[in-house]
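To be precise, the following lines are start-v6.tsv, and they hold TSV, C-alpha atoms.
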```tsv
chain	number	residue	atom	x	y	z
F	1	MET	CA	115.01	143.21	100.09
F	2	LYS	CA	114.42	139.51	100.60
F	3	GLU	CA	113.39	138.06	103.90
F	4	VAL	CA	115.87	135.42	105.06
F	5	LEU	CA	114.76	131.82	105.18
F	6	PRO	CA	117.38	129.55	106.72
F	7	LEU	CA	115.97	126.35	105.26
F	8	ALA	CA	118.06	124.17	107.52
F	9	ILE	CA	118.31	120.55	106.50
F	10	ILE	CA	119.85	118.13	109.02
F	11	LEU	CA	119.33	114.51	109.95
F	12	PHE	CA	116.10	114.07	111.89
F	13	ILE	CA	117.93	112.16	114.62
F	14	LEU	CA	119.74	115.40	115.43
F	15	SER	CA	116.72	117.62	115.04
F	16	ILE	CA	114.64	115.82	117.68
F	17	SER	CA	117.36	115.65	120.29
F	18	SER	CA	116.91	117.64	123.50
F	19	SER	CA	118.03	121.23	123.82
F	20	SER	CA	118.24	123.68	126.67
F	21	ALA	CA	116.50	126.29	124.51
F	22	GLU	CA	113.39	124.17	123.99
F	23	SER	CA	111.76	125.46	127.16
F	24	ASN	CA	111.61	128.91	125.57
F	25	GLY	CA	109.37	127.76	122.76
F	26	LEU	CA	106.63	125.36	121.85
F	27	SER	CA	106.61	121.92	120.25
F	28	ILE	CA	103.46	120.33	118.83
F	29	ASP	CA	102.92	116.87	117.41
F	30	LEU	CA	102.16	116.67	113.70
F	31	ILE	CA	99.80	113.79	113.02
F	32	HIS	CA	99.74	112.19	109.59
F	33	ARG	CA	96.14	112.32	108.45
F	34	TYR	CA	96.12	108.86	106.85
F	35	LEU	CA	99.00	106.83	108.26
F	36	SER	CA	99.13	107.75	111.97
F	37	PRO	CA	97.07	105.77	114.53
F	38	LEU	CA	96.59	109.10	116.34
F	39	SER	CA	94.59	110.49	113.42
F	40	PRO	CA	90.78	110.38	113.40
F	41	ASN	CA	91.12	109.48	109.71
F	42	TYR	CA	93.57	106.59	110.26
F	43	ASN	CA	93.04	103.67	107.90
F	44	PHE	CA	94.93	100.62	109.23
F	45	SER	CA	94.33	98.73	105.98
F	46	MET	CA	95.91	101.39	103.78
F	47	THR	CA	99.35	100.35	102.60
F	48	GLN	CA	102.12	102.81	101.83
F	49	SER	CA	101.74	101.94	98.14
F	50	ASP	CA	98.01	102.73	98.27
F	51	PHE	CA	98.78	106.02	99.95
F	52	LEU	CA	101.44	107.04	97.41
F	53	ILE	CA	99.17	106.52	94.41
F	54	GLU	CA	96.37	108.51	96.03
F	55	ALA	CA	98.84	111.15	97.23
F	56	ALA	CA	100.28	111.56	93.73
F	57	PHE	CA	96.91	112.61	92.34
F	58	ARG	CA	96.28	114.89	95.32
F	59	SER	CA	99.71	116.48	94.80
F	60	ILE	CA	98.82	117.30	91.20
F	61	SER	CA	95.49	118.78	92.23
F	62	ARG	CA	97.08	120.83	94.98
F	63	ALA	CA	99.69	122.23	92.59
F	64	LYS	CA	96.96	123.38	90.21
F	65	ARG	CA	95.15	125.17	93.01
F	66	PHE	CA	98.02	127.34	94.19
F	67	ASN	CA	97.38	130.98	93.41
F	68	THR	CA	100.61	132.19	91.82
F	69	ASP	CA	99.66	135.78	91.06
F	70	PRO	CA	102.02	137.81	93.28
F	71	GLY	CA	100.34	141.09	92.39
F	72	GLU	CA	97.13	140.54	94.31
F	73	SER	CA	96.45	142.35	97.56
F	74	ILE	CA	95.99	140.45	100.79
F	75	ALA	CA	92.23	140.95	100.68
F	76	GLU	CA	92.02	139.56	97.13
F	77	VAL	CA	94.13	136.44	97.55
F	78	THR	CA	92.31	133.17	96.91
F	79	TYR	CA	93.93	130.24	98.63
F	80	LEU	CA	94.47	126.67	97.57
F	81	PHE	CA	92.25	123.65	97.96
F	82	PRO	CA	91.19	123.13	101.59
F	83	ASN	CA	91.57	120.00	103.71
F	84	ASP	CA	93.89	118.15	101.35
F	85	ALA	CA	97.13	118.37	103.33
F	86	ASP	CA	98.77	115.34	104.93
F	87	TYR	CA	99.27	116.53	108.52
F	88	LEU	CA	96.89	117.45	111.33
F	89	MET	CA	97.46	119.38	114.55
F	90	GLN	CA	95.59	118.83	117.77
F	91	ILE	CA	94.71	122.13	119.44
F	92	PHE	CA	92.35	123.25	122.19
F	93	ILE	CA	90.09	126.27	121.74
F	94	GLY	CA	88.15	128.25	124.29
F	95	THR	CA	87.58	128.29	128.06
F	96	PRO	CA	86.98	125.54	129.03
F	97	PRO	CA	89.19	124.12	126.23
F	98	VAL	CA	87.63	122.05	123.45
F	99	LYS	CA	89.86	119.57	121.60
F	100	THR	CA	90.06	120.12	117.85
F	101	PHE	CA	91.88	118.41	114.99
F	102	ALA	CA	92.72	120.85	112.21
F	103	GLU	CA	94.86	120.73	109.09
F	104	ALA	CA	98.38	122.13	109.40
F	105	ASP	CA	98.86	124.12	106.20
F	106	THR	CA	101.93	126.13	105.22
F	107	GLY	CA	100.01	127.36	102.18
F	108	SER	CA	97.29	129.21	104.12
F	109	ASP	CA	97.23	132.16	106.51
F	110	LEU	CA	93.86	132.35	108.25
F	111	SER	CA	93.20	129.69	110.88
F	112	TRP	CA	89.53	128.78	111.22
F	113	ILE	CA	87.23	126.11	112.64
F	114	GLN	CA	83.54	125.34	112.28
F	115	CYS	CA	81.35	127.14	114.83
F	116	LEU	CA	77.78	127.14	116.06
F	117	PRO	CA	75.29	128.35	115.04
F	118	CYS	CA	75.78	126.65	111.68
F	119	GLU	CA	74.12	128.43	108.81
F	120	GLN	CA	75.53	125.71	106.56
F	121	CYS	CA	78.26	123.42	107.87
F	122	TYR	CA	79.81	120.27	106.50
F	123	LYS	CA	79.59	117.10	108.57
F	124	GLN	CA	82.41	116.55	111.04
F	125	ARG	CA	82.86	113.66	113.42
F	126	ALA	CA	83.66	115.77	116.49
F	127	PRO	CA	81.17	118.19	118.10
F	128	ILE	CA	81.16	121.64	116.50
F	129	PHE	CA	82.67	124.41	118.62
F	130	ASN	CA	80.10	126.61	120.39
F	131	PRO	CA	81.63	130.05	121.05
F	132	LYS	CA	78.80	130.93	123.49
F	133	LYS	CA	80.16	128.30	125.88
F	134	SER	CA	83.63	129.84	125.89
F	135	THR	CA	84.14	132.58	128.47
F	136	SER	CA	87.24	133.84	126.62
F	137	TYR	CA	85.65	134.16	123.15
F	138	GLN	CA	85.54	137.70	121.79
F	139	PRO	CA	84.46	138.76	118.27
F	140	LEU	CA	86.55	141.49	116.68
F	141	SER	CA	85.01	144.76	115.52
F	142	CYS	CA	84.61	145.39	111.82
F	143	GLU	CA	86.28	148.75	112.44
F	144	SER	CA	89.44	147.16	113.81
F	145	ASN	CA	92.67	147.20	111.81
F	146	THR	CA	92.80	143.42	112.03
F	147	CYS	CA	89.52	143.16	110.11
F	148	THR	CA	91.13	144.74	107.05
F	149	LEU	CA	93.56	141.80	106.83
F	150	VAL	CA	90.94	139.14	106.08
F	151	SER	CA	89.51	138.26	102.71
F	152	LYS	CA	86.42	140.32	101.82
F	153	PRO	CA	85.80	141.92	105.25
F	154	ALA	CA	82.30	143.09	106.13
F	155	CYS	CA	80.31	144.30	109.12
F	156	GLY	CA	77.91	141.95	110.86
F	157	LEU	CA	74.58	142.91	112.45
F	158	GLU	CA	76.28	143.65	115.78
F	159	GLY	CA	79.33	145.38	114.29
F	160	GLU	CA	81.48	142.24	114.32
F	161	CYS	CA	84.07	141.56	111.63
F	162	ARG	CA	82.80	139.12	109.02
F	163	TYR	CA	85.11	137.32	106.61
F	164	LEU	CA	84.65	135.27	103.46
F	165	GLN	CA	87.52	132.95	102.61
F	166	SER	CA	87.17	131.25	99.22
F	167	TYR	CA	89.26	128.50	97.67
F	168	LEU	CA	90.05	127.67	94.08
F	169	ASP	CA	87.68	124.68	93.97
F	170	ASN	CA	84.76	126.99	94.94
F	171	SER	CA	84.78	125.80	98.56
F	172	LEU	CA	84.44	128.61	101.06
F	173	THR	CA	84.13	129.51	104.71
F	174	VAL	CA	82.16	132.50	105.97
F	175	GLY	CA	82.15	133.57	109.58
F	176	THR	CA	83.26	135.90	112.32
F	177	LEU	CA	86.83	136.96	112.95
F	178	ALA	CA	87.39	136.58	116.66
F	179	THR	CA	89.90	135.96	119.43
F	180	ASP	CA	89.92	133.18	121.98
F	181	THR	CA	92.35	131.23	124.10
F	182	VAL	CA	94.14	128.62	122.01
F	183	SER	CA	96.00	125.92	123.92
F	184	PHE	CA	98.59	123.37	122.86
F	185	ASN	CA	99.91	120.21	124.43
F	186	ASN	CA	103.61	121.13	124.55
F	187	SER	CA	105.59	118.01	123.65
F	188	PHE	CA	108.74	119.35	125.33
F	189	GLN	CA	107.26	120.14	128.72
F	190	GLY	CA	104.39	117.65	128.73
F	191	ARG	CA	101.81	120.23	129.75
F	192	ILE	CA	99.13	122.41	128.21
F	193	ILE	CA	100.28	125.92	127.28
F	194	LYS	CA	97.64	128.61	126.75
F	195	TYR	CA	97.78	131.61	124.42
F	196	PRO	CA	94.92	134.04	125.08
F	197	LYS	CA	93.50	136.38	122.43
F	198	THR	CA	94.65	134.32	119.47
F	199	ILE	CA	92.98	135.47	116.24
F	200	PHE	CA	91.02	132.89	114.27
F	201	GLY	CA	87.95	132.54	112.09
F	202	CYS	CA	84.75	131.16	113.57
F	203	GLY	CA	83.16	129.64	110.47
F	204	HIS	CA	79.35	129.59	110.47
F	205	SER	CA	78.91	128.69	106.80
F	206	ASN	CA	81.44	126.26	105.37
F	207	ILE	CA	80.65	124.81	101.98
F	208	GLY	CA	82.57	122.54	99.64
F	209	ASN	CA	85.09	119.72	99.67
F	210	PHE	CA	85.84	119.50	103.36
F	211	LEU	CA	86.66	116.20	105.05
F	212	PRO	CA	84.70	115.16	108.17
F	213	THR	CA	87.94	114.43	110.05
F	214	GLY	CA	89.22	117.99	109.63
F	215	GLU	CA	87.49	120.58	111.78
F	216	GLY	CA	89.26	123.52	110.17
F	217	ILE	CA	92.64	124.81	109.05
F	218	ILE	CA	95.68	126.03	110.99
F	219	GLY	CA	97.34	128.66	108.82
F	220	LEU	CA	101.14	128.42	108.93
F	221	GLY	CA	101.78	130.75	105.99
F	222	ARG	CA	103.65	134.05	105.87
F	223	GLY	CA	100.67	136.40	106.25
F	224	PRO	CA	99.87	138.67	109.22
F	225	LEU	CA	97.06	136.46	110.54
F	226	SER	CA	98.89	133.15	110.41
F	227	LEU	CA	99.64	131.26	113.62
F	228	VAL	CA	103.35	131.57	112.82
F	229	THR	CA	103.12	135.37	112.79
F	230	GLN	CA	100.96	135.55	115.92
F	231	LEU	CA	103.16	133.25	118.01
F	232	GLY	CA	106.24	134.96	116.60
F	233	LYS	CA	105.13	138.22	118.18
F	234	ARG	CA	104.63	136.51	121.53
F	235	PHE	CA	108.00	134.79	121.46
F	236	ASP	CA	109.67	137.91	120.03
F	237	LYS	CA	111.12	135.75	117.26
F	238	ARG	CA	109.18	134.78	114.19
F	239	LYS	CA	110.52	131.37	113.36
F	240	PHE	CA	109.28	127.82	113.27
F	241	SER	CA	110.54	124.45	112.15
F	242	TYR	CA	109.17	121.01	111.57
F	243	CYS	CA	110.67	117.55	111.48
F	244	LEU	CA	108.76	114.93	109.47
F	245	LEU	CA	109.47	111.32	110.33
F	246	PRO	CA	109.31	108.50	107.77
F	247	LEU	CA	105.91	107.19	106.77
F	248	ARG	CA	104.66	104.40	109.03
F	249	TYR	CA	107.28	105.35	111.62
F	250	THR	CA	105.98	103.92	114.90
F	251	THR	CA	108.52	104.86	117.59
F	252	GLY	CA	108.11	108.64	117.45
F	253	VAL	CA	106.02	111.47	116.06
F	254	SER	CA	106.67	114.32	113.66
F	255	ARG	CA	107.02	117.69	115.37
F	256	LEU	CA	106.26	121.32	114.67
F	257	LYS	CA	108.32	123.76	116.76
F	258	PHE	CA	107.84	127.46	117.38
F	259	ALA	CA	110.74	129.70	118.46
F	260	VAL	CA	112.92	126.87	119.74
F	261	ASP	CA	116.50	125.88	119.03
F	262	THR	CA	116.56	124.54	115.49
F	263	GLN	CA	120.23	123.57	115.59
F	264	ILE	CA	121.33	125.39	112.43
F	265	ASN	CA	124.98	125.35	113.52
F	266	ARG	CA	125.41	121.80	112.32
F	267	LYS	CA	127.68	120.45	109.64
F	268	GLY	CA	126.04	120.02	106.23
F	269	VAL	CA	123.14	122.41	106.83
F	270	VAL	CA	121.47	123.61	103.63
F	271	SER	CA	120.19	127.17	103.83
F	272	THR	CA	118.69	129.47	101.23
F	273	SER	CA	116.93	132.83	101.19
F	274	LEU	CA	113.16	133.06	101.24
F	275	GLY	CA	111.77	134.80	98.16
F	276	SER	CA	109.47	137.79	98.33
F	277	LYS	CA	107.30	136.83	95.38
F	278	TYR	CA	104.25	135.59	97.27
F	279	ARG	CA	102.42	136.84	100.34
F	280	SER	CA	101.49	133.47	101.82
F	281	TYR	CA	103.78	130.81	100.39
F	282	TYR	CA	107.37	129.96	101.28
F	283	ASP	CA	109.06	130.31	97.92
F	284	ILE	CA	112.71	129.46	97.22
F	285	THR	CA	114.86	129.32	94.09
F	286	LEU	CA	116.02	125.99	92.69
F	287	THR	CA	119.16	126.65	90.65
F	288	ARG	CA	120.47	123.18	89.86
F	289	VAL	CA	119.61	119.49	89.85
F	290	SER	CA	122.40	116.93	89.68
F	291	ILE	CA	122.36	113.18	89.12
F	292	ASN	CA	125.42	111.30	90.41
F	293	GLY	CA	127.23	114.63	90.57
F	294	MET	CA	126.44	115.59	86.96
F	295	VAL	CA	124.43	118.81	86.47
F	296	VAL	CA	121.46	118.06	84.22
F	297	ASN	CA	119.41	121.24	83.91
F	298	ALA	CA	120.43	123.70	81.23
F	299	LEU	CA	117.35	125.89	81.72
F	300	GLU	CA	117.60	129.33	83.25
F	301	TYR	CA	116.04	129.60	86.70
F	302	SER	CA	113.86	132.39	88.01
F	303	ASP	CA	113.62	133.71	91.56
F	304	GLY	CA	111.02	132.06	93.75
F	305	ASP	CA	110.26	129.30	91.26
F	306	MET	CA	109.66	126.61	93.90
F	307	ILE	CA	107.37	126.44	96.94
F	308	VAL	CA	108.23	124.54	100.13
F	309	ASP	CA	104.93	122.94	101.10
F	310	SER	CA	104.22	120.54	103.96
F	311	GLY	CA	100.79	119.76	102.48
F	312	THR	CA	101.96	118.38	99.11
F	313	THR	CA	103.23	114.81	99.26
F	314	LEU	CA	105.32	114.39	96.12
F	315	THR	CA	107.86	116.80	94.64
F	316	LEU	CA	106.81	118.42	91.38
F	317	LEU	CA	109.15	119.96	88.83
F	318	LYS	CA	108.18	122.08	85.85
F	319	SER	CA	107.78	119.87	82.81
F	320	ASP	CA	110.82	121.07	80.83
F	321	LEU	CA	113.12	120.61	83.82
F	322	TYR	CA	111.51	117.32	84.76
F	323	ARG	CA	112.15	115.84	81.31
F	324	GLN	CA	115.86	116.61	81.62
F	325	VAL	CA	116.00	115.12	85.11
F	326	GLU	CA	114.12	111.99	84.07
F	327	ARG	CA	116.44	111.37	81.11
F	328	ALA	CA	119.50	111.74	83.34
F	329	ILE	CA	118.09	109.37	85.97
F	330	ALA	CA	117.13	106.78	83.35
F	331	LYS	CA	120.63	106.96	81.88
F	332	ALA	CA	122.23	106.54	85.31
F	333	ILE	CA	120.08	103.52	86.18
F	334	ASP	CA	120.88	101.78	82.88
F	335	SER	CA	117.86	99.51	82.94
F	336	TYR	CA	114.67	99.39	80.92
F	337	PRO	CA	111.87	101.45	82.53
F	338	LEU	CA	108.25	100.36	82.27
F	339	ARG	CA	106.58	101.42	79.04
F	340	ASN	CA	103.25	101.96	80.75
F	341	PRO	CA	103.95	103.16	84.31
F	342	PRO	CA	101.02	103.41	86.72
F	343	ALA	CA	99.46	106.86	86.49
F	344	PRO	CA	100.36	109.54	87.37
F	345	PHE	CA	103.98	108.40	87.76
F	346	SER	CA	106.28	108.84	84.80
F	347	LEU	CA	109.45	106.83	85.52
F	348	CYS	CA	109.02	103.34	86.96
F	349	TYR	CA	110.91	100.05	86.98
F	350	ARG	CA	110.06	96.43	87.63
F	351	ASP	CA	111.18	95.51	91.12
F	352	GLY	CA	114.59	93.83	91.13
F	353	THR	CA	115.78	95.28	87.81
F	354	VAL	CA	117.57	98.27	89.38
F	355	ARG	CA	120.94	97.38	90.87
F	356	LYS	CA	121.78	100.82	92.31
F	357	LEU	CA	119.73	103.98	92.65
F	358	PRO	CA	121.41	107.21	91.52
F	359	SER	CA	122.23	110.11	93.82
F	360	ILE	CA	119.86	113.06	93.28
F	361	THR	CA	120.74	116.50	94.66
F	362	PHE	CA	119.07	119.93	94.57
F	363	GLN	CA	121.00	123.19	94.75
F	364	PHE	CA	119.26	126.33	95.99
F	365	LEU	CA	120.16	129.96	95.48
F	366	GLY	CA	122.87	131.15	97.87
F	367	SER	CA	123.43	127.75	99.47
F	368	LYS	CA	126.94	126.33	99.83
F	369	ASN	CA	125.61	122.81	100.29
F	370	GLU	CA	123.35	120.65	98.14
F	371	LEU	CA	120.23	118.93	99.40
F	372	LYS	CA	120.75	115.22	98.79
F	373	LEU	CA	117.58	113.21	98.45
F	374	TYR	CA	117.45	110.02	100.46
F	375	PRO	CA	116.81	106.97	98.23
F	376	SER	CA	113.51	106.28	100.03
F	377	SER	CA	112.47	109.91	99.43
F	378	ALA	CA	113.17	109.64	95.71
F	379	PHE	CA	111.96	106.10	94.89
F	380	SER	CA	109.35	103.82	96.41
F	381	HIS	CA	107.11	100.88	95.66
F	382	VAL	CA	103.78	102.04	94.27
F	383	ARG	CA	102.81	98.44	93.60
F	384	ASP	CA	104.31	95.23	94.99
F	385	ASP	CA	106.38	94.70	91.86
F	386	VAL	CA	106.89	98.31	90.69
F	387	VAL	CA	109.27	101.01	91.96
F	388	CYS	CA	108.69	104.61	90.80
F	389	LEU	CA	110.41	107.97	90.97
F	390	LEU	CA	108.55	110.12	93.52
F	391	ILE	CA	109.08	113.26	91.45
F	392	ILE	CA	106.49	114.08	88.79
F	393	PRO	CA	106.11	116.81	86.15
F	394	THR	CA	103.81	119.81	86.42
F	395	ASN	CA	102.79	122.76	84.28
F	396	GLU	CA	102.31	124.79	87.44
F	397	LEU	CA	104.78	126.00	90.05
F	398	SER	CA	107.47	123.55	91.22
F	399	ILE	CA	106.88	122.24	94.75
F	400	LEU	CA	109.27	120.68	97.25
F	401	GLY	CA	106.93	118.07	98.71
F	402	ASN	CA	106.92	116.56	102.17
F	403	ILE	CA	108.38	113.16	101.21
F	404	VAL	CA	111.62	114.87	100.19
F	405	GLN	CA	111.49	116.73	103.51
F	406	LEU	CA	111.37	113.46	105.49
F	407	TYR	CA	114.46	112.80	107.65
F	408	HIS	CA	115.19	116.54	107.74
F	409	ASN	CA	114.56	119.49	109.98
F	410	VAL	CA	113.05	122.34	107.97
F	411	ARG	CA	113.45	125.73	109.63
F	412	VAL	CA	111.75	128.93	108.54
```

Whole structure given in structure tokens:
Amino acid sequence: MKEVLPLAIILFILSISSSSAESNGLSIDLIHRYLSPLSPNYNFSMTQSDFLIEAAFRSISRAKRFNTDPGESIAEVTYLFPNDADYLMQIFIGTPPVKTFAEADTGSDLSWIQCLPCEQCYKQRAPIFNPKKSTSYQPLSCESNTCTLVSKPACGLEGECRYLQSYLDNSLTVGTLATDTVSFNNSFQGRIIKYPKTIFGCGHSNIGNFLPTGEGIIGLGRGPLSLVTQLGKRFDKRKFSYCLLPLRYTTGVSRLKFAVDTQINRKGVVSTSLGSKYRSYYDITLTRVSINGMVVNALEYSDGDMIVDSGTTLTLLKSDLYRQVERAIAKAIDSYPLRNPPAPFSLCYRDGTVRKLPSITFQFLGSKNELKLYPSSAFSHVRDDVVCLLIIPTNELSILGNIVQLYHNVRV
């Protein structure tokens, strides 16, 4: 039996409006790693075009690093490339609380941060968390049931649960599975909310391609150790949603909400069932792509053939499907595309040569409504004089990227 995923898509103006149910949950700001002034990695000189070209290559790399073998056990799963997602969360760990910026990742389960003593840690700009200074820190026993849920569990010298989390680029984190008080600055109530005994990894040896502005990862995946699962048990309802605002949006912030009103009883909501193919990823089934109302894909679809991922910027379609979509879009635009588009984009036009952009819609399994892509989510300048389609081909799993999710409220 499939777990239900109401992937609710509504205008972001509606999704960030106030609600009487918001006091029963939690809302956290999502900070764009590169384009938000709130980010420790903010680059004021980076243009949106610069970001899109860099993000396109990162999207391709991230797609290649997804583990798509559904037959592996929880302990054997190897997760995707670390610290390459676009959004950060600010959390507070310990007593007294220590501020931490960590990557919000819907493709990972285990949340972890760097901890002292460091056997081998990568450089980070903020001070490394010292668990000995937290009065609420408690390592978990290697004989506990929770220890069996981590990757490659082992017993430490004092009987603590040790984990080894590896990634597909050979990066890894090794440390102690523990509990501590994790606090959030609740955007709805304007105050710090504390959650004691939250399970996380205290990484003492963290090796590989980690960025100095990311102090760890917040796992928002489907697994038993993810923050979504843990907070779901406390709220007695395992659901979350996020609303991503347009890039360079300056009058508001993107939000991640736990167990609050997600306003699914709105006109035009797109909902589809969550597949059961993968343990960590949010997989859905794309059944149809239409251009200006004309169905273009003649290929048979398979269940769970697309992942909804907040960490991948662009949307990627399997190569055979992409070629059909690209031909249909080019026909609808009726203008000459560039012969040599800037890599890795495939369909681009000289600025000013396109009179009207076509309507692109996705249909998902079981949904009565189609997801219509906003023009700015489907096309954008990648150079001053070049406009490109923000969908690219892949030989890996199809991914619904976060640019397509802009302007919408995505509820799981």

Among the residues F:Thr106, F:Gln90, F:Asn41, F:Gln165, the one that comes closest to Leu227 (chain F) [using all atoms listed in the file]: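 Going through F:Thr106, F:Gln90, F:Asn41, F:Gln165 one by one, the smallest distance to Leu227 (chain F) is for F:Thr106.
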
Dump as a VMD selection string all residues having an atom at most 12 Å from (87.4, 144.5, 107.8), computed in the file's coordinates with all atoms listed in the file. chain F and resid 74 to 75 140 to 156 159 to 164 176 to 178

Save out the residues we just selected, C-alpha atoms, as a tab-separated table (two decimals), in the coordinates of the input.
```tsv
chain	number	residue	atom	x	y	z
F	74	ILE	CA	95.99	140.45	100.79
F	75	ALA	CA	92.23	140.95	100.68
F	140	LEU	CA	86.55	141.49	116.68
F	141	SER	CA	85.01	144.76	115.52
F	142	CYS	CA	84.61	145.39	111.82
F	143	GLU	CA	86.28	148.75	112.44
F	144	SER	CA	89.44	147.16	113.81
F	145	ASN	CA	92.67	147.20	111.81
F	146	THR	CA	92.80	143.42	112.03
F	147	CYS	CA	89.52	143.16	110.11
F	148	THR	CA	91.13	144.74	107.05
F	149	LEU	CA	93.56	141.80	106.83
F	150	VAL	CA	90.94	139.14	106.08
F	151	SER	CA	89.51	138.26	102.71
F	152	LYS	CA	86.42	140.32	101.82
F	153	PRO	CA	85.80	141.92	105.25
F	154	ALA	CA	82.30	143.09	106.13
F	155	CYS	CA	80.31	144.30	109.12
F	156	GLY	CA	77.91	141.95	110.86
F	159	GLY	CA	79.33	145.38	114.29
F	160	GLU	CA	81.48	142.24	114.32
F	161	CYS	CA	84.07	141.56	111.63
F	162	ARG	CA	82.80	139.12	109.02
F	163	TYR	CA	85.11	137.32	106.61
F	164	LEU	CA	84.65	135.27	103.46
F	176	THR	CA	83.26	135.90	112.32
F	177	LEU	CA	86.83	136.96	112.95
F	178	ALA	CA	87.39	136.58	116.66
```

Which value, in Å to one decimal, gives the distance between CA of Ile53 (chain F) and CA of Pro40 (chain F)?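 Atom-to-atom, CA of Ile53 (chain F) and CA of Pro40 (chain F) are spaced 21.1 Å apart.
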
Restricting the calculation to only C-alpha atoms: of F:Phe184, F:Phe379, F:Tyr34, F:Phe235, which residue gets closest to Met46 (chain F)?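 Closest candidate: F:Tyr34.
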
Interatomic distance (Å, one decimal) between CA of Val382 (chain F) and CA of Val295 (chain F):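 Straight-line distance from CA of Val382 (chain F) to CA of Val295 (chain F) works out to 27.7 Å.
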
So, counting all atoms listed in the file, which residue among F:Thr47, F:Ser111, F:Ser254, F:Ser27 is closest to His381 (chain F)?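 Closest to His381 (chain F) of all the choices is F:Thr47.
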
Take every atom of region 103-121 of chain F listed in the file, pad by 8 Å on each side, and give me the axis-aligned box centre and edge lengths in Å, one decimal, as JSON.
```
{"center_x": 88.0, "center_y": 126.5, "center_z": 109.1, "size_x": 43.8, "size_y": 27.6, "size_z": 29.9}
```

Of the residues F:Leu116, F:Ala378, F:Cys121, F:Ile218, which is the one nearest to Ala102 (chain F), using all atoms listed in the file? F:Ile218

Could you please determine the separation between CA of Asp180 (chain F) and CA of Pro96 (chain F) in Å, to one decimal place?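 Computed distance, CA of Asp180 (chain F) to CA of Pro96 (chain F), equals 10.8 Å.
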
Name the closest residue to Asp384 (chain F) among the candidates F:Gly352, F:Ile284, F:Ser346, F:Tyr242; distances are taken between atoms, counting all atoms listed in the file.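 Selected residue with least distance to Asp384 (chain F): F:Gly352.
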
Who sits within 8 Å of Ile91 (chain F), all atoms listed in the file, same chain under 3 positions skipped, as a list in words: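 Once the adjacent positions are removed, what remains is Lys99, Thr100, Phe101, Ala102, Val182, Ser183, Phe184 and Asn185 of chain F.
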
Among listed residues F:Leu286, F:Val387, F:Val174, F:Leu231, nearest Gly304 (chain F) (using all atoms listed in the file):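 Looking at the shortest contact to Gly304 (chain F), the residue is F:Leu286.
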